[in-house]
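For reference, the structure is listed below as structure tokens.
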Amino acid sequence: MPSTLRLVFRYAVSGGIPKRSFYVAMVVGTVLNLINQRRALFGASSINWTKLVLTYFVPYAVATYGAISYRLSQP
């Protein structure tokens, strides 16, 4: 198990995974923030900063998980 964990961390920071996950997070996070906090983003109410950050973090984590899972499944 420890060798698999090391492999997971290595994959998470290499091979273009962070860059691709970042792009996914920017696109998906922006769309979701526009949907969920449009009033706050356009000045009608206050921004919920926790929701804003999580709305970018979750797509990043999901994209990274998907890429790592795919790599681990390859022979």
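Every chain in the structure tokens takes a letter, A first, then B, and so on in the order presented; its residues are numbered from 1, and the ligands are numbered from 1 following the presented order.
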Range 39-65 of chain A near range 6-25 of chain A within 10 Å: what's each residue's closest atom pair and its distance in Å to one decimal, counting only C-alpha atoms, ordered by chain then ascending residue number, as CSV?
```
residue,atom,partner,partner_atom,distance
A:Thr55,CA,A:Ala25,CA,8.2
A:Tyr56,CA,A:Ala25,CA,5.3
A:Phe57,CA,A:Ala25,CA,6.9
A:Val58,CA,A:Ala25,CA,7.6
A:Pro59,CA,A:Ala25,CA,4.9
A:Tyr60,CA,A:Ala25,CA,4.8
A:Ala61,CA,A:Ser21,CA,7.6
A:Val62,CA,A:Ser21,CA,8.2
A:Ala63,CA,A:Ser21,CA,5.2
A:Thr64,CA,A:Ser21,CA,5.7
A:Tyr65,CA,A:Ala12,CA,8.2
```
Run DSSP on the backbone and give me the residues of chain A it puts in helix (DSSP H, G or I), as a PyMOL selection string. chain A and resi 2-12+17-36+38-41+49-73
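Computed from the coordinates, the CA of Asn48 in chain A to CA of Val31 in chain A distance equals 15.8 Å.
CA of Gly29 in chain A lies 8.2 Å from CA of Leu52 in chain A.
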Would you work out the distance separating CA of Gly66 in chain A from CA of Val53 in chain A, expressed in Å to one decimal? 20.4 Å
